[in-house]
2 protein chains.
Amino acid sequence: MQELEEYQSILEEKISKLDFPKSPKNLYDPLRYFLTLGGKRTRPTLTMLGCSLFGEPGIKAINAALAVELFHNFTLIHDDIMDEAPLRRAKQTVHEKWNTNVGILSGDVLFVEAYEHLSRHEVDVLPSLLNIFSRTAKEVCEGQQLDMDFESLEEVSIEAYIEMIRLKTSVLLGAALEMGATVAKASEDGKKAIYDFGVNIGLAFQMQDDLLDLYADPDKFGKQVGGDILANKKTYLLLKAKELASADQLNALNHAMNNIQGDERIEKVKLIFDDIGVKSHAEEVKSEYYNKALKNMDAIDVSEENKAPLLELAKFLMGRDH
Amino acid sequence: MQELEEYQSILEEKISKLDFPKSPKNLYDPLRYFLTLGGKRTRPTLTMLGCSLFGEPGIKAINAALAVELFHNFTLIHDDIMDEAPLRRAKQTVHEKWNTNVGILSGDVLFVEAYEHLSRHEVDVLPSLLNIFSRTAKEVCEGQQLDMDFESLEEVSIEAYIEMIRLKTSVLLGAALEMGATVAKASEDGKKAIYDFGVNIGLAFQMQDDLLDLYADPDKFGKQVGGDILANKKTYLLLKAKELASADQLNALNHAMNNIQGDERIEKVKLIFDDIGVKSHAEEVKSEYYNKALKNMDAIDVSEENKAPLLELAKFLMGRDH
């Protein structure tokens with residue numbers, strides 16, 4: 001994974017050197033703080049890999065990559081406000097460390113920075129990049145709205161859930177790759193295939209996320225195992241369990257979710273999930289998306305050597321255990 | 001003002017026909033609602049007039065004009081959250097009618113729409129337009145942050161206040177005009193002069209705003225006369241009064257602002273302002289900025305006929321009594 005690590009270290013360096021104004025402090029200090037909380041820089045790495053896949057050095061796509069990372073962080077700052085999240089990567093969120101108004105406004109200015117970086121690309125690719133970026137930004141907002149809407153809905157179909165996670169998280173992975181491919185002047189077919197690859201990896205990744213939340217090794221998992229169950233979150237596991245449950249199982253599930261607290265709730269729900277067999281369903285869906293992604297990659301007409309780093313990254317993302 | 005009215009009616013038509021998706025309703029309904037609350041569409045009109053000033057039909061700048069108007073509305077939605085404002089143009093604000101999360105997220109997606117419209121311009125002017133737009137968007141965020149910072153500061157200098165209103169409100173008027181001029185491929189000197197014209201008109205306009213808040217005819221003014229004094233807002237009038245007050249006047253002013261409520265506070269403060277003579281100071285500063293703007297316009301090498309609509313609009317904005 002030499003190329004991968006090289007790109008990640010370039011990105012870390014560039015992000016640490018982003019030159020925000022000194023003043024107003026309450027506007028720009030939160031950005032300096034939030035952007036150095038860490039993270040794997042997966043999305044901008046995808047942009048650089050999407051470029052090198054089609055035969056151009058990944059560094060050519062650096063400004064699109066930074067735009068993707070800045071946009072992603074902007075959505076995190078605003079999502080944390082909306083979700084009332086106190087922590088992000090085990091550190092205080094912006095609205096907790098400062099206040100909600102600072103979170104709103106520093107998020108806004110970060111979004112401008114994202115477009116500002118994207119706009120540095122040459123005019124031969126600029127309109128396409130802007131097009132992908134704005135389309136995706138709107139979809140991500142739509143996904144977040146659907147996620148919030150679902151909280152107050154009694155019933156959410158699996159189909160609606162998949163569409164929500166597609167918009168909220170997966171399209172950005174696809175777009176990150178497509179933007180890299182665009183900088184490399186890939187063919188329309190190539191751009192479409194690498195976008196689909198990213199979306200399918202994103203969906204598989206989200207399934208893995210839902211699975212890990214309940215089935216991760218507590219020693220390796222940074223968060224509370226079973227946190228989604230405690231938060232009454234509509235995950236694939238819960239929705240599929242409700243879909244497949246017998247009348248008795250459904251009663252037991254609803255009872256546990258509504259009337260039992262803490263670790264006991266997690267244990268009870270897990271037993272019902274095991275009875276119904278939702279874990280293997282989720283694993284199957286995850287594999288389906290992963291296999292679709294591999295087929296998307298198969299269809300791309302470049303050397304196996306060029307494909308290797310992206311396939312390795314995808315494999316790594318699927319195999320992660322925390 | 002035929003050209004002015006024609007542009008305003010084109011803009012009203014275009015804004016009413018903006019095609020937002022039906023779903024998610026909680027994301028896009030607020031935009032449909034907020035964008036039809038009315039307003040004079042001054043900023044996008046400036047963009048069209050900035051284009052026609054330099055000899056091209058204003059309609060050529062329609063997408064930049066819409067970007068400016070969408071951006072302006074995005075800032076209003078987020079500012080209303082930060083200022084906890086219940087009403088905008090005598091109607092409920094978005095976060096009041098829906099909730100804060102809807103306000104944050106529908107604001108975000110509106111910002112994307114703004115960039116999306118701007119991106120429709122041809123590549124021969126697109127990088128310049130993006131450059132002006134992103135620079136200005138950052139400045140507007142900085143102005144809003146300074147405005148919020150000032151609330152908790154004991155002392156704010158007149159200089160700092162002017163810089164705050166320049167960023168928060170005036171640069172957008174300058175940028176709106178500059179973007180129109182850019183579409184018309186004006187010279188660098190021409191673009192600089194029309195930008196400065198807009199910023200100076202904006203500063204004069206804000207002085208007028210501060211003056212009207214206290215000295216408007218209550219029958220014509222849509223809001224409470226003296227509202228800024230009730231809200232303890234640091235306006236030019238208050239800051240200048242503090243600067244020029246004798247020790248006794250300063251005591252009386254602080255006493256009134258801190259210990260007297262309602263109409264009585266407004267009356268007391270107005271009497272002290274009259275003693276000190278701050279009204280004429282504010283009028284003088286307003287005239288200075290207006291005259292600077294006229295000089296900026298003088299320096300532009302186009303026919304008087306081309307200049308007429310913008311000069312009329314500027315005169316109208318200065319003379320407004322509500």
# chains A, B, ... in the order shown; residues from 1 in each chain; ligands from 1
$ closest_atom_pairs --of "chain B" --to "chain A" --cutoff "7 Å" --atoms "only C-alpha atoms" --output "Markdown table"
| residue | atom | partner | partner_atom | distance |
| --- | --- | --- | --- | --- |
| B:Pro24 | CA | A:Glu142 | CA | 6.4 |
| B:Leu27 | CA | A:Gln145 | CA | 6.4 |
| B:Met82 | CA | A:Asn101 | CA | 5.5 |
| B:Asn101 | CA | A:Met82 | CA | 5.5 |
| B:Leu105 | CA | A:Cys141 | CA | 6.6 |
| B:Val109 | CA | A:Lys138 | CA | 5.8 |
| B:Val112 | CA | A:Ser134 | CA | 5.9 |
| B:Glu116 | CA | A:Ser134 | CA | 6.1 |
| B:Ser119 | CA | A:Pro127 | CA | 6.7 |
| B:Val123 | CA | A:Val123 | CA | 6.1 |
| B:Pro127 | CA | A:Ser119 | CA | 6.7 |
| B:Leu130 | CA | A:Ser119 | CA | 6.8 |
| B:Ser134 | CA | A:Val112 | CA | 5.9 |
| B:Ala137 | CA | A:Val112 | CA | 6.9 |
| B:Lys138 | CA | A:Val109 | CA | 5.8 |
| B:Cys141 | CA | A:Val109 | CA | 6.4 |
| B:Glu142 | CA | A:Pro24 | CA | 6.4 |
| B:Gln145 | CA | A:Leu27 | CA | 6.4 |
| B:Leu146 | CA | A:Pro24 | CA | 6.7 |
$ residues_around --residues "Glu56 in chain A" --least-positions-apart "2" --cutoff "10 Å" --atoms "only C-alpha atoms" --output "ChimeraX atom specification"
/A:48-54,58-61,180-181,183-186
$ residues_around --residues "range 234-240 of chain B" --least-positions-apart "3" --cutoff "7 Å" --atoms "only C-alpha atoms" --output "ChimeraX atom specification"
/B:158,210,243-244,278,282
$ closest_residue --among "B:Leu230, B:Phe221, B:Leu173, B:Leu18" --to "Ala314 in chain B" --atoms "only C-alpha atoms"
B:Leu173
$ residues_around --residues "range 5-8 of chain B" --least-positions-apart "4" --cutoff "12 Å" --atoms "only C-alpha atoms" --output "PyMOL selection string"
chain B and resi 1+12-15+38-52+57-62+65-66+69+309-310+312-313
$ select_by_dssp --residues "range 9-200 of chain B" --states "helix (DSSP H, G or I)" --output "PyMOL selection string"
chain B and resi 9-16+25-35+42-53+58-82+94-97+100-118+126-151+158-183+188-200
$ residues_around --residues "Gly319 in chain A" --least-positions-apart "3" --cutoff "12 Å" --atoms "only C-alpha atoms" --output "mmCIF file with C-alpha atoms, in the first residue's frame"
data_model
loop_
_atom_site.group_PDB
_atom_site.id
_atom_site.type_symbol
_atom_site.label_atom_id
_atom_site.label_comp_id
_atom_site.auth_asym_id
_atom_site.auth_seq_id
_atom_site.Cartn_x
_atom_site.Cartn_y
_atom_site.Cartn_z
ATOM 1 C CA ALA A 204 -20.782 -2.197 2.027
ATOM 2 C CA PHE A 205 -18.806 -0.017 4.437
ATOM 3 C CA MET A 207 -23.232 -2.389 6.518
ATOM 4 C CA GLN A 208 -19.891 -3.148 8.159
ATOM 5 C CA ASP A 209 -20.474 -0.110 10.407
ATOM 6 C CA LEU A 211 -22.440 -4.837 12.124
ATOM 7 C CA LEU A 212 -19.416 -3.582 14.066
ATOM 8 C CA ALA A 216 -17.112 -5.673 17.356
ATOM 9 C CA GLU A 283 -23.116 -9.878 6.059
ATOM 10 C CA LYS A 286 -22.409 -6.307 2.641
ATOM 11 C CA SER A 287 -20.865 -8.994 0.395
ATOM 12 C CA TYR A 290 -18.646 -5.462 -2.223
ATOM 13 C CA GLU A 312 -6.295 -3.025 -1.495
ATOM 14 C CA LEU A 313 -7.912 -0.036 0.167
ATOM 15 C CA ALA A 314 -11.368 -1.481 -0.462
ATOM 16 C CA LYS A 315 -10.312 -4.833 1.001
ATOM 17 C CA PHE A 316 -8.832 -3.081 4.013
ATOM 18 C CA HIS A 322 -12.957 -1.403 14.668
#
$ closest_residue --among "B:Ile194, B:Gln2, B:Leu35, B:Val225" --to "Lys17 in chain B" --atoms "only C-alpha atoms"
B:Leu35
$ atom_distance --atom1 "CA of Met164 in chain B" --atom2 "CA of Glu151 in chain B"
12.2 Å
$ residues_around --residues "Gly198 in chain B" --least-positions-apart "3" --cutoff "8 Å" --atoms "only C-alpha atoms" --output "list in words"
Ser170, Val171, Leu173, Gly174, Ala175, Leu177, Ile194, Tyr195, Ile201, Gly202 and Ala293 of chain B
$ residues_around --residues "Lys270 in chain B" --least-positions-apart "4" --cutoff "12 Å" --atoms "only C-alpha atoms" --output "ChimeraX atom specification"
/B:211,213-215,225-226,228-230,237-238,241,249,252-253,256-257,263-266,274-279
$ write_last_selection --atoms "C-alpha atoms" --output "mmCIF file, in the first residue's frame"
data_model
loop_
_atom_site.group_PDB
_atom_site.id
_atom_site.type_symbol
_atom_site.label_atom_id
_atom_site.label_comp_id
_atom_site.auth_asym_id
_atom_site.auth_seq_id
_atom_site.Cartn_x
_atom_site.Cartn_y
_atom_site.Cartn_z
ATOM 1 C CA LEU B 211 -30.352 56.409 11.490
ATOM 2 C CA ASP B 213 -33.952 52.768 13.403
ATOM 3 C CA LEU B 214 -34.258 55.793 15.685
ATOM 4 C CA TYR B 215 -35.384 58.659 13.457
ATOM 5 C CA VAL B 225 -38.653 52.743 16.171
ATOM 6 C CA GLY B 226 -35.763 52.636 18.659
ATOM 7 C CA ASP B 228 -31.673 49.003 18.399
ATOM 8 C CA ILE B 229 -31.674 50.925 21.700
ATOM 9 C CA LEU B 230 -34.033 48.426 23.300
ATOM 10 C CA LEU B 237 -25.161 56.225 16.897
ATOM 11 C CA LEU B 238 -24.424 54.605 20.246
ATOM 12 C CA ALA B 241 -22.333 59.055 21.380
ATOM 13 C CA GLN B 249 -23.503 62.448 29.485
ATOM 14 C CA ALA B 252 -26.605 59.292 31.970
ATOM 15 C CA LEU B 253 -26.308 57.195 28.810
ATOM 16 C CA ALA B 256 -30.473 54.730 30.688
ATOM 17 C CA MET B 257 -29.153 51.737 28.713
ATOM 18 C CA ASP B 263 -40.167 53.622 25.529
ATOM 19 C CA GLU B 264 -38.729 55.613 28.407
ATOM 20 C CA ARG B 265 -35.255 54.280 27.601
ATOM 21 C CA ILE B 266 -35.658 55.246 23.950
ATOM 22 C CA ASP B 274 -29.541 65.069 20.554
ATOM 23 C CA ASP B 275 -27.389 66.833 23.181
ATOM 24 C CA ILE B 276 -24.271 65.241 21.769
ATOM 25 C CA GLY B 277 -25.373 65.721 18.175
ATOM 26 C CA VAL B 278 -24.726 62.189 16.931
ATOM 27 C CA LYS B 279 -27.448 62.350 14.284
#
$ atom_distance --atom1 "CA of Lys97 in chain A" --atom2 "CA of Gly227 in chain A"
23.2 Å
$ select_by_dssp --residues "range 38-194 of chain A" --states "strand (DSSP E)" --output "list in words"
Leu87, Arg88, Lys91 and Gln92 of chain A
$ atom_distance --atom1 "CA of Leu294 in chain A" --atom2 "CA of Asn306 in chain A"
14.3 Å
$ decode --residues "range 229-280 of chain A" --atoms "C-alpha atoms" --output "short mmCIF file (atom, residue, chain, number, x, y, z; two decimals), in the first residue's frame"
data_model
loop_
_atom_site.label_atom_id
_atom_site.label_comp_id
_atom_site.auth_asym_id
_atom_site.auth_seq_id
_atom_site.Cartn_x
_atom_site.Cartn_y
_atom_site.Cartn_z
CA ILE A 229 -29.36 -0.23 20.28
CA LEU A 230 -29.07 2.04 23.32
CA ALA A 231 -29.75 5.09 21.10
CA ASN A 232 -32.75 3.33 19.53
CA LYS A 233 -31.15 3.91 16.15
CA LYS A 234 -32.80 2.48 13.07
CA THR A 235 -29.94 0.42 11.64
CA TYR A 236 -30.07 -2.31 9.03
CA LEU A 237 -29.93 -4.89 11.83
CA LEU A 238 -32.97 -3.52 13.63
CA LEU A 239 -35.03 -2.91 10.49
CA LYS A 240 -34.26 -6.37 9.09
CA ALA A 241 -35.05 -7.98 12.46
CA LYS A 242 -38.42 -6.24 12.51
CA GLU A 243 -39.10 -7.34 8.96
CA LEU A 244 -38.34 -11.02 9.63
CA ALA A 245 -39.57 -11.34 13.21
CA SER A 246 -42.47 -13.61 14.17
CA ALA A 247 -45.24 -11.97 16.19
CA ASP A 248 -43.65 -13.21 19.42
CA GLN A 249 -40.18 -12.07 18.43
CA LEU A 250 -41.52 -8.66 17.45
CA ASN A 251 -43.23 -8.27 20.81
CA ALA A 252 -40.07 -9.25 22.64
CA LEU A 253 -38.01 -6.87 20.50
CA ASN A 254 -40.32 -3.91 21.02
CA HIS A 255 -40.50 -4.66 24.72
CA ALA A 256 -36.71 -4.73 25.03
CA MET A 257 -36.25 -1.53 22.98
CA ASN A 258 -38.89 0.40 24.92
CA ASN A 259 -38.74 -0.94 28.46
CA ILE A 260 -35.27 -2.29 29.20
CA GLN A 261 -32.24 -0.08 29.70
CA GLY A 262 -28.46 -0.36 29.47
CA ASP A 263 -26.45 -3.54 28.94
CA GLU A 264 -29.49 -5.71 29.61
CA ARG A 265 -31.25 -4.19 26.60
CA ILE A 266 -28.22 -4.86 24.41
CA GLU A 267 -28.07 -8.52 25.55
CA LYS A 268 -31.80 -9.13 25.05
CA VAL A 269 -31.87 -7.53 21.62
CA LYS A 270 -28.75 -9.41 20.56
CA LEU A 271 -30.37 -12.71 21.53
CA ILE A 272 -33.45 -11.87 19.44
CA PHE A 273 -31.22 -10.79 16.53
CA ASP A 274 -29.41 -14.16 16.82
CA ASP A 275 -32.72 -16.06 16.83
CA ILE A 276 -33.81 -14.24 13.68
CA GLY A 277 -30.37 -14.47 12.08
CA VAL A 278 -30.02 -10.82 11.07
CA LYS A 279 -26.23 -10.89 11.34
CA SER A 280 -25.86 -13.23 8.39
#
